[in-house]
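Quick look at work08.cif (mmCIF, C-alpha atoms):
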data_entry
loop_
_atom_site.label_atom_id
_atom_site.label_comp_id
_atom_site.auth_asym_id
_atom_site.auth_seq_id
_atom_site.Cartn_x
_atom_site.Cartn_y
_atom_site.Cartn_z
CA MET A 1 -7.25 73.94 -27.61
CA ALA A 2 -7.03 77.48 -29.04
CA VAL A 3 -5.23 79.16 -26.14
CA PHE A 4 -2.20 81.43 -26.17
CA TYR A 5 0.00 82.56 -23.32
CA LEU A 6 -0.21 86.18 -22.10
CA ASP A 7 1.73 86.06 -18.85
CA LYS A 8 2.30 83.92 -15.77
CA ASN A 9 -0.93 81.98 -15.07
CA HIS A 10 -2.91 83.94 -17.65
CA ASP A 11 -3.87 82.59 -21.04
CA PHE A 12 -6.25 83.94 -23.65
CA ASP A 13 -8.79 81.32 -24.74
CA LEU A 14 -9.95 81.98 -28.30
CA LEU A 15 -12.80 79.52 -27.75
CA PHE A 16 -13.98 81.17 -24.51
CA TRP A 17 -17.18 82.15 -26.31
CA ARG A 18 -18.40 78.58 -25.84
CA TYR A 19 -19.43 79.78 -22.34
CA TYR A 20 -21.33 82.84 -23.60
CA ASP A 21 -24.90 81.63 -22.95
CA GLU A 22 -24.04 80.30 -19.49
CA ILE A 23 -22.22 83.49 -18.46
CA LYS A 24 -24.96 85.71 -19.87
CA ALA A 25 -27.56 83.81 -17.83
CA LYS A 26 -25.49 84.17 -14.65
CA VAL A 27 -24.92 87.90 -15.21
CA ARG A 28 -28.62 88.41 -15.89
CA GLU A 29 -29.47 86.48 -12.69
CA PHE A 30 -26.96 88.51 -10.66
CA GLN A 31 -28.51 91.80 -11.93
CA PRO A 32 -25.42 93.99 -11.63
CA ASP A 33 -25.75 97.76 -11.42
CA VAL A 34 -22.31 98.12 -13.02
CA VAL A 35 -19.97 95.75 -14.85
CA HIS A 36 -16.29 96.39 -14.12
CA ILE A 37 -13.61 95.03 -16.41
CA THR A 38 -9.87 95.02 -15.88
CA GLY A 39 -8.61 94.60 -19.39
CA PRO A 40 -9.02 93.15 -22.86
CA SER A 41 -8.79 89.52 -21.76
CA ASP A 42 -11.10 86.81 -23.08
CA LEU A 43 -13.45 87.47 -20.15
CA GLY A 44 -13.03 91.26 -20.35
CA ILE A 45 -14.10 91.27 -23.98
CA MET A 46 -17.13 89.12 -23.21
CA ALA A 47 -18.07 91.22 -20.17
CA ARG A 48 -17.83 94.37 -22.27
CA LEU A 49 -20.29 92.90 -24.79
CA LEU A 50 -22.65 91.59 -22.10
CA ALA A 51 -22.73 94.98 -20.34
CA TYR A 52 -23.69 96.60 -23.63
CA GLN A 53 -26.33 93.97 -24.49
CA LEU A 54 -27.88 94.07 -21.01
CA GLY A 55 -27.82 97.88 -20.82
CA VAL A 56 -25.54 97.89 -17.75
CA PRO A 57 -23.00 100.72 -17.37
CA LEU A 58 -19.40 99.67 -17.86
CA ALA A 59 -16.41 100.73 -15.77
CA ALA A 60 -12.88 99.77 -16.75
CA SER A 61 -9.68 99.85 -14.76
CA TRP A 62 -6.18 99.87 -16.18
CA HIS A 63 -4.04 97.80 -13.84
CA THR A 64 -0.80 97.34 -15.72
CA ASN A 65 1.14 98.95 -18.51
CA ILE A 66 0.00 96.41 -21.08
CA HIS A 67 1.66 98.30 -23.90
CA GLU A 68 5.05 98.29 -22.15
CA TYR A 69 4.79 94.56 -21.46
CA ALA A 70 4.01 93.97 -25.15
CA GLU A 71 7.18 95.84 -26.08
CA LEU A 72 9.26 93.87 -23.55
CA ARG A 73 7.92 90.52 -24.76
CA ALA A 74 8.52 91.48 -28.37
CA ALA A 75 12.12 92.52 -27.56
CA LYS A 76 12.90 88.92 -26.62
CA LEU A 77 11.57 87.70 -29.96
CA LEU A 78 13.36 90.43 -31.92
CA ARG A 79 16.87 90.04 -30.45
CA PHE A 80 18.16 88.52 -33.67
CA LEU A 81 17.56 91.83 -35.51
CA PRO A 82 19.98 94.77 -35.52
CA THR A 83 19.49 96.90 -32.39
CA ASN A 84 18.06 99.93 -34.18
CA TRP A 85 15.52 97.76 -36.05
CA SER A 86 14.38 95.89 -32.94
CA ALA A 87 14.13 99.17 -30.99
CA ALA A 88 12.01 100.80 -33.71
CA LEU A 89 9.79 97.73 -34.06
CA GLY A 90 9.44 97.50 -30.26
CA GLU A 91 8.38 101.14 -30.08
CA SER A 92 5.79 100.54 -32.81
CA ILE A 93 4.46 97.52 -30.89
CA ARG A 94 4.22 99.59 -27.68
CA LYS A 95 2.39 102.44 -29.41
CA GLY A 96 0.08 100.12 -31.33
CA SER A 97 -0.72 98.09 -28.23
CA PHE A 98 -1.52 101.25 -26.28
CA ALA A 99 -3.73 102.61 -29.07
CA ALA A 100 -5.66 99.32 -29.37
CA THR A 101 -6.15 99.03 -25.60
CA ALA A 102 -7.21 102.69 -25.27
CA ARG A 103 -9.75 102.13 -28.04
CA PHE A 104 -11.09 99.07 -26.18
CA TYR A 105 -11.51 101.21 -23.04
CA GLN A 106 -13.41 103.99 -24.86
CA ILE A 107 -16.74 102.17 -24.53
CA ALA A 108 -16.60 102.34 -20.72
CA ARG A 109 -18.49 105.13 -19.00
CA VAL A 110 -15.71 105.71 -16.48
CA LEU A 111 -12.11 104.59 -16.19
CA PHE A 112 -9.77 103.96 -13.27
CA ALA A 113 -5.98 103.94 -13.18
CA PRO A 114 -3.41 103.30 -10.43
CA ASN A 115 -1.39 106.53 -10.80
CA ARG A 116 -1.91 110.15 -11.86
CA GLU A 117 0.25 109.77 -14.98
CA LEU A 118 -2.00 107.00 -16.33
CA VAL A 119 -5.14 108.89 -15.28
CA SER A 120 -4.05 111.84 -17.45
CA LEU A 121 -2.93 109.62 -20.32
CA LEU A 122 -6.22 107.69 -20.39
CA GLU A 123 -8.36 110.82 -20.20
CA LYS A 124 -6.40 112.32 -23.09
CA SER A 125 -6.39 109.17 -25.23
CA THR A 126 -9.98 108.02 -24.64
CA GLY A 127 -11.87 111.25 -23.97
CA LYS A 128 -13.43 109.54 -20.93
CA PRO A 129 -13.26 110.56 -17.27
CA CYS A 130 -10.65 108.61 -15.34
CA ALA A 131 -10.31 108.44 -11.56
CA LEU A 132 -7.37 107.47 -9.43
CA MET A 133 -7.87 103.89 -8.24
CA GLY A 134 -6.64 103.24 -4.73
CA ARG A 135 -5.60 99.79 -3.63
CA GLY A 136 -7.29 97.73 -0.95
CA VAL A 137 -10.78 97.78 0.52
CA ASP A 138 -12.41 100.69 2.34
CA THR A 139 -13.31 98.87 5.57
CA THR A 140 -15.47 101.76 6.77
CA LEU A 141 -17.62 101.74 3.65
CA PHE A 142 -17.76 97.93 3.44
CA ASP A 143 -18.31 97.30 7.14
CA PRO A 144 -20.22 94.04 7.85
CA ALA A 145 -22.40 95.97 10.32
CA LYS A 146 -24.00 97.71 7.32
CA ARG A 147 -25.42 94.48 5.88
CA ASP A 148 -29.19 94.36 5.69
CA ARG A 149 -29.40 90.54 5.80
CA SER A 150 -28.94 88.52 8.91
CA SER A 151 -29.08 85.05 7.38
CA GLY A 152 -28.38 83.27 4.16
CA PRO A 153 -25.17 82.91 2.24
CA PHE A 154 -22.67 85.69 1.88
CA THR A 155 -22.60 86.73 -1.78
CA LEU A 156 -19.41 87.88 -3.40
CA GLY A 157 -19.52 88.97 -7.02
CA PHE A 158 -16.06 88.82 -8.58
CA VAL A 159 -14.90 88.25 -12.10
CA GLY A 160 -11.22 88.57 -12.69
CA ARG A 161 -7.90 86.86 -12.74
CA LEU A 162 -7.58 84.36 -9.96
CA THR A 163 -3.91 84.82 -9.24
CA VAL A 164 -1.78 84.00 -6.25
CA GLU A 165 -1.75 87.57 -4.96
CA LYS A 166 -5.56 87.53 -4.66
CA ASN A 167 -5.29 84.66 -2.17
CA VAL A 168 -8.29 82.76 -3.53
CA CYS A 169 -7.02 79.64 -1.76
CA PHE A 170 -7.61 81.47 1.52
CA LEU A 171 -11.23 82.25 0.53
CA SER A 172 -11.78 78.64 -0.46
CA SER A 173 -10.28 77.37 2.81
CA TRP A 174 -12.33 79.85 4.79
CA SER A 175 -15.56 78.81 3.10
CA LYS A 176 -14.84 75.11 3.71
CA LEU A 177 -14.08 75.81 7.36
CA PHE A 178 -17.44 77.54 7.86
CA GLY A 179 -19.39 75.14 5.62
CA THR A 180 -20.34 77.65 2.95
CA TRP A 181 -19.03 77.86 -0.57
CA ILE A 182 -18.36 81.35 -1.76
#
Could I get this file's structure written as structure tokens?
Amino acid sequence: MAVFYLDKNHDFDLLFWRYYDEIKAKVREFQPDVVHITGPSDLGIMARLLAYQLGVPLAASWHTNIHEYAELRAAKLLRFLPTNWSAALGESIRKGSFAATARFYQIARVLFAPNRELVSLLEKSTGKPCALMGRGVDTTLFDPAKRDRSSGPFTLGFVGRLTVEKNVCFLSSWSKLFGTWI
């Protein structure tokens, strides 16, 4: 398999495109008003292309300091070099990683970032508007009382990393308990 490790529980599948037709059909069926990506992952790259092909606006959020992680990972591989060489190479990796990621984000119509420093940095580097992205769910805005359906399955549209902190096991358990798959 053509997969390489990015971080804990997150690999990049170079052959992910084998799912392109199936994912495109599902996205078309879902009829999103906006496609939101969270990074240049295998799925993020595909979602970016699908949003463009389907004429759906793209939003992108910057969740982590990808460029700093790239530098940290490279530092482990470069420890055998003299300190000044590994530091200079690490800095180049950080800057190059940031530049490549910022370029990837330029196609989005709007950006989101978790702190004001990144908001300013992304606006400056991409020329796109960037908003501060709060954490959690606005329970007033997404109140179940505002639903306009009284029957049928609950529909949740989510594409992203299914990591422990997202508690997907809880959603799965909940859906089994109530007899509905989410």
Selection dump of the PyMOL selection byres ((chain A and resi 134) around 12), as number ranges by chain: A: 61-63, 112-116, 131-133, 135-138
Do a neighbour search on region 88-94 of chain A at 7 Å with all atoms listed in the file, toss out local chain neighbours closer than 2 positions, and write the hits as a PyMOL selection string. chain A and resi 67-68+70-71+74-75+84-86+96-98
Can you work out which one of A:Thr140, A:Arg109, A:Lys95, A:Ser41 has the shortest atom-to-atom distance to Leu14 (chain A), counting all atoms listed in the file?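 Of all the options, A:Ser41 lies closest to Leu14 (chain A).
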Nearest candidate to Tyr20 (chain A) (options A:Asp42, A:Gln106, A:Gly127, A:Asp143; using only C-alpha atoms):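 Of A:Asp42, A:Gln106, A:Gly127, A:Asp143, the one nearest Tyr20 (chain A), counting only C-alpha atoms, is A:Asp42.
Taking only C-alpha atoms, the non-local environment of Ala60 (chain A) within 7 Å (same-chain residues fewer than 6 positions away omitted) comprises His36, Ile37, Thr38, Tyr105, Ala108, Val110, Leu111 and Phe112 of chain A.
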Please produce an output containing C-alpha atoms for each residue in the selection, written as an mmCIF file, keeping the file's coordinate frame.
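Writing the result to result_8.cif gives the following:
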data_model
loop_
_atom_site.group_PDB
_atom_site.id
_atom_site.type_symbol
_atom_site.label_atom_id
_atom_site.label_comp_id
_atom_site.auth_asym_id
_atom_site.auth_seq_id
_atom_site.Cartn_x
_atom_site.Cartn_y
_atom_site.Cartn_z
ATOM 1 C CA HIS A 36 -16.290 96.390 -14.120
ATOM 2 C CA ILE A 37 -13.610 95.030 -16.410
ATOM 3 C CA THR A 38 -9.870 95.020 -15.880
ATOM 4 C CA TYR A 105 -11.510 101.210 -23.040
ATOM 5 C CA ALA A 108 -16.600 102.340 -20.720
ATOM 6 C CA VAL A 110 -15.710 105.710 -16.480
ATOM 7 C CA LEU A 111 -12.110 104.590 -16.190
ATOM 8 C CA PHE A 112 -9.770 103.960 -13.270
#
Between CA of Val34 (chain A) and CA of Pro57 (chain A), measure the distance and give it in Å to one decimal. 5.1 Å
Scan for residues within 10 Å of the point (-6.8, 90.0, -24.8) in the coordinates of the file, using all atoms listed in the file, and reply as number ranges by chain. A: 4, 6, 11-14, 39-45, 101
